[in-house]
file entry_4.cif (mmCIF, C-alpha atoms)
data_work
#
loop_
_atom_site.group_PDB
_atom_site.id
_atom_site.type_symbol
_atom_site.label_atom_id
_atom_site.label_comp_id
_atom_site.auth_asym_id
_atom_site.auth_seq_id
_atom_site.Cartn_x
_atom_site.Cartn_y
_atom_site.Cartn_z
ATOM 1 C CA MET A 1 199.273 94.181 91.771
ATOM 2 C CA ALA A 2 198.418 92.554 95.115
ATOM 3 C CA THR A 3 196.941 89.077 95.144
ATOM 4 C CA THR A 4 194.490 87.701 97.645
ATOM 5 C CA GLN A 5 195.629 84.618 99.528
ATOM 6 C CA VAL A 6 193.049 81.842 99.772
ATOM 7 C CA PRO A 7 193.299 79.069 102.385
ATOM 8 C CA LEU A 8 193.479 75.547 100.931
ATOM 9 C CA ASP A 9 190.284 74.402 102.661
ATOM 10 C CA GLN A 10 188.381 77.351 101.139
ATOM 11 C CA TYR A 11 189.738 76.519 97.661
ATOM 12 C CA LEU A 12 188.668 72.889 98.068
ATOM 13 C CA ARG A 13 185.124 73.963 99.047
ATOM 14 C CA THR A 14 184.808 76.406 96.139
ATOM 15 C CA SER A 15 183.573 75.589 92.656
ATOM 16 C CA TYR A 16 185.272 77.492 89.831
ATOM 17 C CA ARG A 17 184.137 77.600 86.184
ATOM 18 C CA PRO A 18 186.365 76.489 84.652
ATOM 19 C CA ASP A 19 188.173 74.834 87.542
ATOM 20 C CA ARG A 20 191.455 76.418 88.622
ATOM 21 C CA ASP A 21 194.781 75.389 90.091
ATOM 22 C CA TYR A 22 195.829 76.280 93.632
ATOM 23 C CA VAL A 23 199.477 77.251 94.143
ATOM 24 C CA ALA A 24 200.792 78.479 97.495
ATOM 25 C CA GLY A 25 197.592 80.255 98.446
ATOM 26 C CA GLU A 26 196.821 81.696 95.016
ATOM 27 C CA VAL A 27 194.103 80.511 92.656
ATOM 28 C CA GLU A 28 195.452 80.327 89.087
ATOM 29 C CA GLU A 29 193.435 80.178 85.874
ATOM 30 C CA ARG A 30 194.092 77.384 83.393
ATOM 31 C CA ASN A 31 193.902 77.505 79.606
ATOM 32 C CA VAL A 32 190.928 75.341 78.618
ATOM 33 C CA GLY A 33 187.764 75.543 76.589
ATOM 34 C CA GLU A 34 188.985 75.363 73.013
ATOM 35 C CA LYS A 35 187.631 72.659 70.709
ATOM 36 C CA ASP A 36 191.060 71.062 70.110
ATOM 37 C CA HIS A 37 191.619 70.809 73.865
ATOM 38 C CA SER A 38 188.235 69.139 74.365
ATOM 39 C CA ALA A 39 188.792 66.810 71.398
ATOM 40 C CA VAL A 40 192.064 65.568 72.903
ATOM 41 C CA GLN A 41 190.395 65.005 76.264
ATOM 42 C CA ALA A 42 187.549 63.118 74.578
ATOM 43 C CA PHE A 43 190.029 60.955 72.643
ATOM 44 C CA PHE A 44 191.757 59.748 75.806
ATOM 45 C CA VAL A 45 188.544 59.237 77.776
ATOM 46 C CA LYS A 46 187.129 57.158 74.888
ATOM 47 C CA TRP A 47 190.373 55.203 74.345
ATOM 48 C CA PHE A 48 190.684 54.202 77.981
ATOM 49 C CA ALA A 49 186.929 53.449 78.220
ATOM 50 C CA ALA A 50 187.210 51.128 75.196
ATOM 51 C CA HIS A 51 190.070 49.256 76.923
ATOM 52 C CA GLU A 52 188.812 49.474 80.515
ATOM 53 C CA GLU A 53 188.150 45.754 81.026
ATOM 54 C CA GLU A 54 191.419 44.770 79.358
ATOM 55 C CA TYR A 55 193.741 47.099 81.284
ATOM 56 C CA ARG A 56 191.636 47.909 84.390
ATOM 57 C CA LEU A 57 192.344 51.639 83.976
ATOM 58 C CA GLU A 58 190.027 54.633 83.788
ATOM 59 C CA ALA A 59 190.628 58.182 82.491
ATOM 60 C CA TYR A 60 189.276 61.174 84.425
ATOM 61 C CA PRO A 61 189.187 64.614 82.758
ATOM 62 C CA GLY A 62 189.601 67.805 84.798
ATOM 63 C CA ILE A 63 190.313 66.145 88.138
ATOM 64 C CA ARG A 64 191.947 67.904 91.097
ATOM 65 C CA ILE A 65 195.225 66.420 92.302
ATOM 66 C CA ASN A 66 196.792 67.549 95.579
ATOM 67 C CA VAL A 67 200.418 67.319 94.391
ATOM 68 C CA SER A 68 201.873 68.853 97.581
ATOM 69 C CA PRO A 69 200.600 70.390 100.835
ATOM 70 C CA GLN A 70 200.199 73.818 99.207
ATOM 71 C CA GLN A 71 199.533 72.890 95.588
ATOM 72 C CA VAL A 72 196.482 71.440 93.844
ATOM 73 C CA ARG A 73 196.578 70.991 90.078
ATOM 74 C CA VAL A 74 193.628 70.261 87.838
ATOM 75 C CA ALA A 75 194.931 67.657 85.410
ATOM 76 C CA ASP A 76 193.536 67.636 81.891
ATOM 77 C CA ILE A 77 193.416 63.828 82.179
ATOM 78 C CA ALA A 78 194.438 61.532 85.029
ATOM 79 C CA VAL A 79 194.503 57.780 84.489
ATOM 80 C CA LEU A 80 193.801 55.664 87.550
ATOM 81 C CA ARG A 81 193.676 51.960 88.235
ATOM 82 C CA ILE A 82 190.046 50.904 88.630
ATOM 83 C CA ASP A 83 190.697 49.309 92.021
ATOM 84 C CA GLU A 84 192.188 52.453 93.608
ATOM 85 C CA ALA A 85 190.498 53.770 96.734
ATOM 86 C CA TYR A 86 188.034 56.598 96.155
ATOM 87 C CA GLU A 87 189.301 60.129 96.765
ATOM 88 C CA PRO A 88 187.248 63.216 95.830
ATOM 89 C CA VAL A 89 190.535 65.106 95.363
ATOM 90 C CA LEU A 90 193.444 62.828 94.549
ATOM 91 C CA THR A 91 196.193 62.694 97.166
ATOM 92 C CA SER A 92 197.746 59.478 95.836
ATOM 93 C CA PRO A 93 199.583 59.766 92.525
ATOM 94 C CA PRO A 94 197.620 58.622 89.492
ATOM 95 C CA LEU A 95 199.364 56.211 87.128
ATOM 96 C CA VAL A 96 199.325 58.761 84.289
ATOM 97 C CA VAL A 97 198.758 62.495 83.937
ATOM 98 C CA ILE A 98 198.118 63.891 80.463
ATOM 99 C CA GLU A 99 198.359 67.641 79.956
ATOM 100 C CA ILE A 100 197.231 69.384 76.776
ATOM 101 C CA LEU A 101 199.101 72.479 75.663
ATOM 102 C CA SER A 102 197.139 75.553 74.688
ATOM 103 C CA PRO A 103 198.624 78.276 72.455
ATOM 104 C CA GLU A 104 198.778 80.631 75.469
ATOM 105 C CA ASP A 105 200.742 78.240 77.701
ATOM 106 C CA ARG A 106 204.239 79.297 78.742
ATOM 107 C CA VAL A 107 206.988 76.659 78.947
ATOM 108 C CA ASN A 108 208.439 77.837 82.288
ATOM 109 C CA ARG A 109 205.065 77.854 84.020
ATOM 110 C CA TYR A 110 204.170 74.540 82.433
ATOM 111 C CA GLU A 111 207.403 72.928 83.564
ATOM 112 C CA GLN A 112 206.517 73.821 87.185
ATOM 113 C CA ARG A 113 203.240 71.973 86.716
ATOM 114 C CA LEU A 114 204.983 68.856 85.344
ATOM 115 C CA GLN A 115 207.608 68.920 88.118
ATOM 116 C CA GLY A 116 204.812 68.870 90.685
ATOM 117 C CA TYR A 117 203.398 65.677 89.177
ATOM 118 C CA ARG A 118 206.824 64.029 89.055
ATOM 119 C CA ARG A 119 207.647 65.015 92.660
ATOM 120 C CA MET A 120 204.312 63.560 93.745
ATOM 121 C CA GLY A 121 205.319 60.239 92.189
ATOM 122 C CA VAL A 122 203.256 60.139 88.988
ATOM 123 C CA SER A 123 204.920 57.415 86.888
ATOM 124 C CA HIS A 124 203.888 58.679 83.471
ATOM 125 C CA VAL A 125 203.641 62.393 82.638
ATOM 126 C CA TRP A 126 202.625 63.120 79.057
ATOM 127 C CA VAL A 127 202.050 66.373 77.192
ATOM 128 C CA ILE A 128 200.011 66.678 74.005
ATOM 129 C CA ASP A 129 200.589 69.615 71.650
ATOM 130 C CA SER A 130 197.436 69.554 69.561
ATOM 131 C CA GLN A 131 198.421 72.614 67.541
ATOM 132 C CA HIS A 132 201.636 71.014 66.229
ATOM 133 C CA ARG A 133 200.407 67.398 66.409
ATOM 134 C CA GLY A 134 203.102 66.359 68.846
ATOM 135 C CA ALA A 135 203.281 64.208 71.947
ATOM 136 C CA PHE A 136 205.945 64.233 74.631
ATOM 137 C CA ASP A 137 206.877 61.859 77.402
ATOM 138 C CA CYS A 138 207.934 64.166 80.235
ATOM 139 C CA SER A 139 208.150 61.456 82.888
ATOM 140 C CA SER A 140 211.907 61.770 83.387
ATOM 141 C CA GLY A 141 212.096 65.559 83.280
ATOM 142 C CA SER A 142 212.903 66.082 79.611
ATOM 143 C CA TRP A 143 210.380 66.618 76.836
ATOM 144 C CA ARG A 144 210.984 63.460 74.788
ATOM 145 C CA PRO A 145 208.970 63.415 71.517
ATOM 146 C CA VAL A 146 207.067 60.140 71.049
ATOM 147 C CA ASN A 147 204.767 58.558 68.467
ATOM 148 C CA ALA A 148 202.821 56.525 71.023
ATOM 149 C CA LEU A 149 202.235 56.917 74.723
ATOM 150 C CA VAL A 150 203.607 53.932 76.621
ATOM 151 C CA ILE A 151 202.727 52.608 80.066
ATOM 152 C CA THR A 152 204.940 49.923 81.570
ATOM 153 C CA ASP A 153 202.552 48.253 84.056
ATOM 154 C CA PRO A 154 200.253 47.162 82.561
ATOM 155 C CA ALA A 155 202.082 47.079 79.233
ATOM 156 C CA ILE A 156 200.134 49.499 77.031
ATOM 157 C CA SER A 157 200.903 51.586 73.979
ATOM 158 C CA VAL A 158 198.380 54.282 73.110
ATOM 159 C CA PRO A 159 198.727 55.023 69.377
ATOM 160 C CA LEU A 160 198.172 58.631 68.374
ATOM 161 C CA ASP A 161 197.498 58.401 64.625
ATOM 162 C CA SER A 162 193.724 58.489 65.087
ATOM 163 C CA LEU A 163 194.028 61.506 67.410
ATOM 164 C CA TRP A 164 196.004 63.448 64.791
ATOM 165 C CA LYS A 165 193.453 62.443 62.113
ATOM 166 C CA LYS A 166 190.604 63.635 64.329
ATOM 167 C CA LEU A 167 192.304 66.992 64.864
ATOM 168 C CA GLU A 168 193.003 67.341 61.114
ATOM 169 C CA ALA A 169 189.326 66.633 60.382
ATOM 170 C CA LEU A 170 188.270 69.363 62.819
ATOM 171 C CA HIS A 171 190.305 71.895 60.843
ATOM 172 C CA SER A 172 189.343 70.818 57.321
#
call {"tool": "encode", "arguments": {"input": "entry_4.cif", "output": "structure tokens"}}
result
Amino acid sequence: MATTQVPLDQYLRTSYRPDRDYVAGEVEERNVGEKDHSAVQAFFVKWFAAHEEEYRLEAYPGIRINVSPQQVRVADIAVLRIDEAYEPVLTSPPLVVIEILSPEDRVNRYEQRLQGYRRMGVSHVWVIDSQHRGAFDCSSGSWRPVNALVITDPAISVPLDSLWKKLEALHS
């Protein structure tokens, strides 16, 4: 099946519902829209909003990140320092990227996504598996299971117990 190549500037001017990734001229769909996925996004937006003054960080759901000249990813959550310069599409690495696995996601394709963030210079790359109630720190290239998500500067530990309880309540 032939694919249509789309120039980057056209992709950046186009609104997709839901938003899509851009990889080497191709527009790729993302797995979003399920209640668990939205609940995880809401958890992180609320957690960082509740601690915004303390840590001077802000969480942005569904934001475009230009990870390389021919690749734009739509991060499930990107965490930025409040004092960062405004960019409509991020070209500077956010402090944290949080991706949320969907049941349809494939590990190989997902690993390409995470590598793009790491190559760009994102310090903290986290993956949440809402289906299996797991969290992984993927910042160094391996999928290291964790019980809390840790940022080094500023020193923060995001506990996940209340997220798992929220997801359990959704399914009870």
call {"tool": "residues_around", "arguments": {"input": "entry_4.cif", "residues": "Lys35 of chain A", "least_positions_apart": "6", "cutoff": "10 Å", "atoms": "all atoms listed in the file", "output": "list in words"}}
result
Gln41, Leu167 and Leu170 of chain A
call {"tool": "write_last_selection", "arguments": {"input": "entry_4.cif", "atoms": "C-alpha atoms", "output": "PDB file, in the coordinates of the input"}}
result
ATOM      1  CA  GLN A  41     190.395  65.005  76.264  1.00  0.00           C
ATOM      2  CA  LEU A 167     192.304  66.992  64.864  1.00  0.00           C
ATOM      3  CA  LEU A 170     188.270  69.363  62.819  1.00  0.00           C
TER       4      LEU A 170
END
call {"tool": "resolve_selection", "arguments": {"input": "entry_4.cif", "expression": "the PyMOL selection byres ((chain A and resi 148-162) around 12)", "output": "VMD selection string"}}
result
chain A and resid 39 to 40 43 to 48 50 to 52 54 to 57 79 to 81 95 to 98 122 to 130 133 to 139 144 to 147 163 to 169
call {"tool": "atom_distance", "arguments": {"input": "entry_4.cif", "atom1": "atom CA of Trp143 of chain A", "atom2": "atom CA of Arg17 of chain A"}}
result
29.9 Å
call {"tool": "atom_distance", "arguments": {"input": "entry_4.cif", "atom1": "atom CA of Ser38 of chain A", "atom2": "atom CA of Arg64 of chain A"}}
result
17.2 Å
call {"tool": "resolve_selection", "arguments": {"input": "entry_4.cif", "expression": "the PyMOL selection byres ((chain A and resi 16) around 12)", "output": "JSON, numbers by chain"}}
result
{"A": [10, 11, 12, 13, 14, 15, 17, 18, 19, 20, 21, 22, 27, 28, 29, 30, 62, 64, 74]}
call {"tool": "closest_residue", "arguments": {"input": "entry_4.cif", "among": "A:Gln115, A:Ile65, A:Ser140, A:Asp9", "to": "Val89 of chain A", "atoms": "all atoms listed in the file"}}
result
A:Ile65
call {"tool": "atom_distance", "arguments": {"input": "entry_4.cif", "atom1": "atom CA of Ser142 of chain A", "atom2": "atom CA of Arg119 of chain A"}}
result
14.1 Å
call {"tool": "closest_residue", "arguments": {"input": "entry_4.cif", "among": "A:Leu8, A:Ile63, A:Ala75, A:Ala42", "to": "Tyr110 of chain A", "atoms": "all atoms listed in the file"}}
result
A:Ala75
call {"tool": "closest_residue", "arguments": {"input": "entry_4.cif", "among": "A:Ala49, A:Tyr86, A:Gln131, A:Val72", "to": "Val23 of chain A", "atoms": "all atoms listed in the file"}}
result
A:Val72
call {"tool": "axis_aligned_box", "arguments": {"input": "entry_4.cif", "around": "segment 23-40 of chain A", "padding_each_side": "8 Å", "output": "JSON"}}
result
{"center_x": 194.2, "center_y": 73.6, "center_z": 84.3, "size_x": 29.2, "size_y": 32.1, "size_z": 44.3}
call {"tool": "closest_residue", "arguments": {"input": "entry_4.cif", "among": "A:Glu99, A:Glu34, A:Asp83, A:Glu104", "to": "Glu58 of chain A", "atoms": "all atoms listed in the file"}}
result
A:Asp83
